[in-house]
Amino acid sequence: MNHLVVLPVVLPLLAAAVLLVTQRADLAFTRGLSLCSSGALLLIGLGLLQLTGDGPPLVYYVGDWPAPYGIVLVADRLSALMVTLTALLAFLGLLYATAGEDTAGAYFHPLYQFQLAGLGGAFLTGDLFNLFVFFEILLIASYCLLLHGGGSLRARAGLHFVVLNLAGSALFLFALGTIYASLGTLNMADLALKSAEATPEQRFAVRAGVMLLLAVFGLKAALLPLGFWLPDAYAAACAPVAALFAVMTKVGIYAIMRVHVLVFGGEGGIANPMTARWLLPLALGTVVIGTIGMLASRELRRTMAYLVVVSVGTALCSLSLLTREALAATTFYLVHSTLVGGGLFLLADLVARQRGEAADALDRAQAVAQPLLLGALFFVGVVAAAGLPPFSGFLAKLFILRAALPAPSTAWVWAVLLVTSLFVVIALSRGASAIFWRTEGTTSSGPPVPPVQLVATIGLLASAGLITAFAGPLSELADSVSGELLDVETYARQVLGNATVAPTASGFEGVR
Amino acid sequence: MELLFAVSVGFLVGSGVYLLLRARSFALVLGLTLISYGVNLFLFASGRLVSDRAPLLTAGVLEYPDPLPQALVLTAIVIGFGMTAFLIVLALRVYADTGTDHVDGEDPP
């Protein structure tokens, strides 16, 4: 057992606990500890990527209880990649917050670490019920983070966000109950094996549970009929939180990849024909709605929030094709859209700070104090997000379009993705011209961008260039991720095969 | 027993959904609480409804109820409790900020 696997959960939890106890310590200590923890998380993520890169998934039996009875954490390439991605985003977001945003309310740093613990756990767990528990951990931290800084706008958006997610949690539990009642297990590897030999009646019930799960994950990911909470919430959150939230929708996409592709997917899998049939039209609809929202937005942050909706739709549209190539394209797109999306939220905040009372409204107002710097960053972000060459968005979208070629729905995917790309460019360039060119002639006297915030924003937006530069290794990684996702036998053997089952724990023998 | 149980779960969740759709914060809290009761009963039943079984695992006794759903329900209760507490505080805050208990922050015309 490699203890590195459990660290992405334990380390932020420990850091959060220490931060709570030392609430009254001076700010430098709090910020230092928080940054150290996120930095260490990044190193752990890279270590996990290294370890899983050329081997089977790493399995961690918590408390050494044998699977499928105890709790397992499983680090495969997808988990390792998501942990690394989250840590990178979190570190830069935190760096941005240390310029002063973190003192706008109490408990920012402990909550941030709790959120990271929840995210790490959700990416690593090998058990459906634990997925629920980690979802709740990351959600309750995100409720509080969303409210960070106060204000009635945030409180109202927060109430919607909380109530919707509580209803989602109830659905999640109904789904778990249905699946457990039919198959008698919630361990993902065990579920994969048991669902393969389920009777038709069992399959019927399990399929209902699996489709309920699709609704739950769709709610988290902001899939079409369930995604209208997102723009309000993301536009209201303070910038470093909004940047971290760029990975929250990806948790939903990750969960669909894990549950609907790995566990219940595959040839003749319970989720197989249904997932694709529902997901593709809904995902395309999400892209269209997101684009319309971008065009209709009158504030920059809201535009960026709708951009997240578009990216969710694009990723799920690629995911719904369910081929190895399409899953690799989805993975590649996830990395690109998370980093660039997070960067754009930070940038929108930098712009808003230099425009006086107009903030991020797309109206005629005073010019920003540093038009060249912010304008150049905005240009890079827009080109990357819209999918124009030479930055990462272009490659990501190209991979998705190529993966869609053999599919029967090629025409739909190509038409929707290409036409909406055009409108995304229009919406973003309209925003840019409103902010940088259509000005009142007076220049803001606001302070220049603090260096740490600049470093954080550039760090995230630079990923657009770096992903292009290292597209080869990254797409190889994405390909090996999707290979692993389609190989449930290795996953199940790795989780269950290594277990040293104690003779007394031979499973439930009571009357069911 | 199954019918009674199923009807109770359905009734709890149905009332909860109705209250949820009222879009007033107090009704919302009650509605989510009722839904979580329904969910907990449902989870509990996923280990099958049996009676007169040995509660503890003892040598020689083969008929005992499935312990796992009970553990799941316990976890779900704790999480639901925390979430409800948070929701109440948030709802009070929104009420104080906006002066109305409607979830959109303004009374519908």
# chains A, B, ... in the order shown; residues from 1 in each chain; ligands from 1
>>> select_by_dssp(residues="chain B", states="alpha helix (DSSP H)", output="JSON, numbers by chain")
{"B": [2, 3, 4, 5, 6, 7, 8, 9, 10, 11, 12, 13, 14, 15, 16, 17, 18, 19, 20, 21, 25, 26, 27, 28, 29, 30, 31, 32, 33, 34, 35, 36, 37, 38, 39, 40, 41, 42, 43, 44, 45, 68, 69, 70, 71, 72, 73, 74, 75, 76, 77, 78, 79, 80, 81, 82, 83, 84, 85, 86, 87, 88, 89, 90, 91, 92, 93, 94, 95, 96, 97, 98]}
>>> interface_residues(of="chain A", to="chain B", cutoff="9 Å", atoms="only C-alpha atoms", output="VMD selection string")
chain A and resid 129 133 136 140 151 to 152 155 to 160 162 to 163 166 to 167 170 to 171 173 to 174 176 to 182 184 508 to 512
>>> residues_around(residues="Glu489 in chain A", least_positions_apart="6", cutoff="12 Å", atoms="only C-alpha atoms", output="ChimeraX atom specification")
/A:56-57,188-193,196,262-263,265-266,483,495-497
>>> write_last_selection(atoms="C-alpha atoms", output="PDB file, in the first residue's frame")
ATOM      1  CA  PRO A  56      -1.953  -0.326 -12.910  1.00  0.00           C
ATOM      2  CA  PRO A  57      -4.067   1.822 -10.543  1.00  0.00           C
ATOM      3  CA  MET A 188     -17.065   0.541  -7.621  1.00  0.00           C
ATOM      4  CA  ALA A 189     -14.930  -2.428  -8.662  1.00  0.00           C
ATOM      5  CA  ASP A 190     -17.368  -4.863  -7.079  1.00  0.00           C
ATOM      6  CA  LEU A 191     -20.286  -3.058  -8.754  1.00  0.00           C
ATOM      7  CA  ALA A 192     -18.588  -3.449 -12.132  1.00  0.00           C
ATOM      8  CA  LEU A 193     -18.270  -7.220 -11.646  1.00  0.00           C
ATOM      9  CA  ALA A 196     -22.049  -7.748 -15.443  1.00  0.00           C
ATOM     10  CA  LEU A 262     -15.736   2.890 -16.198  1.00  0.00           C
ATOM     11  CA  VAL A 263     -18.077   1.119 -13.795  1.00  0.00           C
ATOM     12  CA  GLY A 265     -20.145   1.404 -19.209  1.00  0.00           C
ATOM     13  CA  GLY A 266     -18.309  -0.968 -21.492  1.00  0.00           C
ATOM     14  CA  GLY A 483      -7.367   3.441 -22.234  1.00  0.00           C
ATOM     15  CA  VAL A 495      -8.954  -3.367  -6.332  1.00  0.00           C
ATOM     16  CA  LEU A 496     -10.388  -6.750  -5.421  1.00  0.00           C
ATOM     17  CA  GLY A 497      -7.558  -9.107  -6.366  1.00  0.00           C
TER      18      GLY A 497
END
>>> atom_distance(atom1="CA of Ile137 in chain A", atom2="CA of Leu78 in chain A")
20.8 Å
>>> residues_around(residues="Ala326 in chain A", least_positions_apart="3", cutoff="8 Å", atoms="only C-alpha atoms", output="CSV table (one decimal) with C-alpha atoms, in the first residue's frame")
chain,number,residue,atom,x,y,z
A,318,SER,CA,-17.2,14.7,-26.4
A,319,LEU,CA,-17.6,12.3,-23.5
A,321,LEU,CA,-19.3,9.6,-27.9
A,322,LEU,CA,-17.7,7.0,-25.6
A,323,THR,CA,-14.8,5.9,-27.8
A,329,ALA,CA,-10.2,14.4,-26.2
A,330,THR,CA,-12.4,15.0,-23.2
A,399,PHE,CA,-9.2,16.6,-30.9
A,400,ILE,CA,-12.9,16.6,-30.1
A,403,ALA,CA,-13.0,12.1,-32.4
A,404,ALA,CA,-16.5,12.9,-33.6
>>> atom_distance(atom1="CA of Gly39 in chain A", atom2="CA of Gly459 in chain A")
14.0 Å
>>> atom_distance(atom1="CA of Thr291 in chain A", atom2="CA of Val251 in chain A")
21.7 Å
>>> residues_around(residues="Ala90 in chain A", least_positions_apart="6", cutoff="12 Å", atoms="only C-alpha atoms", output="number ranges by chain")
A: 12, 34-42, 82-84, 96-97, 109, 112-117, 119-120, 240-248, 338-339, 342-343, 456, 459-460
>>> write_last_selection(atoms="C-alpha atoms", output="PDB file, in the first residue's frame")
ATOM      1  CA  PRO A  12      -5.655  19.493   3.409  1.00  0.00           C
ATOM      2  CA  SER A  34      -2.280  27.463   3.335  1.00  0.00           C
ATOM      3  CA  LEU A  35       0.063  28.005   0.392  1.00  0.00           C
ATOM      4  CA  CYS A  36       2.443  25.290   1.643  1.00  0.00           C
ATOM      5  CA  SER A  37      -0.394  22.799   1.883  1.00  0.00           C
ATOM      6  CA  SER A  38      -1.620  23.561  -1.646  1.00  0.00           C
ATOM      7  CA  GLY A  39       1.928  23.495  -2.994  1.00  0.00           C
ATOM      8  CA  ALA A  40       2.566  20.137  -1.335  1.00  0.00           C
ATOM      9  CA  LEU A  41      -0.700  18.893  -2.829  1.00  0.00           C
ATOM     10  CA  LEU A  42       0.606  19.824  -6.270  1.00  0.00           C
ATOM     11  CA  MET A  82      -7.534  15.624 -11.669  1.00  0.00           C
ATOM     12  CA  VAL A  83      -5.763  15.949  -8.305  1.00  0.00           C
ATOM     13  CA  THR A  84      -2.811  17.652  -9.987  1.00  0.00           C
ATOM     14  CA  TYR A  96      -4.335  35.557  -5.893  1.00  0.00           C
ATOM     15  CA  ALA A  97      -6.341  35.647  -2.673  1.00  0.00           C
ATOM     16  CA  HIS A 109      -8.138  29.566   4.430  1.00  0.00           C
ATOM     17  CA  TYR A 112     -10.378  26.520   1.112  1.00  0.00           C
ATOM     18  CA  GLN A 113      -8.455  23.566   2.525  1.00  0.00           C
ATOM     19  CA  PHE A 114     -11.665  21.702   3.394  1.00  0.00           C
ATOM     20  CA  GLN A 115     -12.785  22.230  -0.168  1.00  0.00           C
ATOM     21  CA  LEU A 116      -9.497  20.773  -1.424  1.00  0.00           C
ATOM     22  CA  ALA A 117      -9.888  17.760   0.872  1.00  0.00           C
ATOM     23  CA  LEU A 119     -12.181  17.496  -4.093  1.00  0.00           C
ATOM     24  CA  GLY A 120      -9.209  15.183  -3.503  1.00  0.00           C
ATOM     25  CA  PRO A 240     -10.288  33.241  -6.226  1.00  0.00           C
ATOM     26  CA  VAL A 241     -13.351  31.215  -5.250  1.00  0.00           C
ATOM     27  CA  ALA A 242     -14.844  31.505  -8.729  1.00  0.00           C
ATOM     28  CA  ALA A 243     -11.516  30.332 -10.128  1.00  0.00           C
ATOM     29  CA  LEU A 244     -11.521  27.287  -7.851  1.00  0.00           C
ATOM     30  CA  PHE A 245     -15.143  26.654  -8.816  1.00  0.00           C
ATOM     31  CA  ALA A 246     -13.913  26.198 -12.402  1.00  0.00           C
ATOM     32  CA  VAL A 247     -12.961  22.699 -11.247  1.00  0.00           C
ATOM     33  CA  MET A 248     -16.253  22.074  -9.409  1.00  0.00           C
ATOM     34  CA  THR A 338     -10.235  24.283 -16.184  1.00  0.00           C
ATOM     35  CA  LEU A 339      -7.009  26.279 -16.263  1.00  0.00           C
ATOM     36  CA  GLY A 342      -9.991  29.827 -13.845  1.00  0.00           C
ATOM     37  CA  GLY A 343      -7.540  32.325 -15.338  1.00  0.00           C
ATOM     38  CA  ALA A 456      -1.432  34.018 -10.413  1.00  0.00           C
ATOM     39  CA  GLY A 459       0.279  31.496 -14.377  1.00  0.00           C
ATOM     40  CA  LEU A 460      -3.182  30.214 -15.260  1.00  0.00           C
TER      41      LEU A 460
END
>>> closest_residue(among="A:Gln23, A:Thr199, A:Ser169, A:Thr185", to="Leu111 in chain A", atoms="only C-alpha atoms")
A:Gln23
>>> residues_around(residues="Phe108 in chain A", least_positions_apart="4", cutoff="8 Å", atoms="only C-alpha atoms", output="PyMOL selection string")
chain A and resi 102-103+112+145+148
>>> write_last_selection(atoms="C-alpha atoms", output="PDB file, in the first residue's frame")
ATOM      1  CA  ASP A 102      -8.786  36.388   1.969  1.00  0.00           C
ATOM      2  CA  THR A 103      -9.407  38.946   4.729  1.00  0.00           C
ATOM      3  CA  TYR A 112     -10.378  26.520   1.112  1.00  0.00           C
ATOM      4  CA  LEU A 145     -16.751  30.043   0.237  1.00  0.00           C
ATOM      5  CA  HIS A 148     -17.191  34.776   1.476  1.00  0.00           C
TER       6      HIS A 148
END
>>> select_by_dssp(residues="range 388-462 of chain A", states="strand (DSSP E)", output="MDAnalysis selection string")
chainID A and resid 439:443
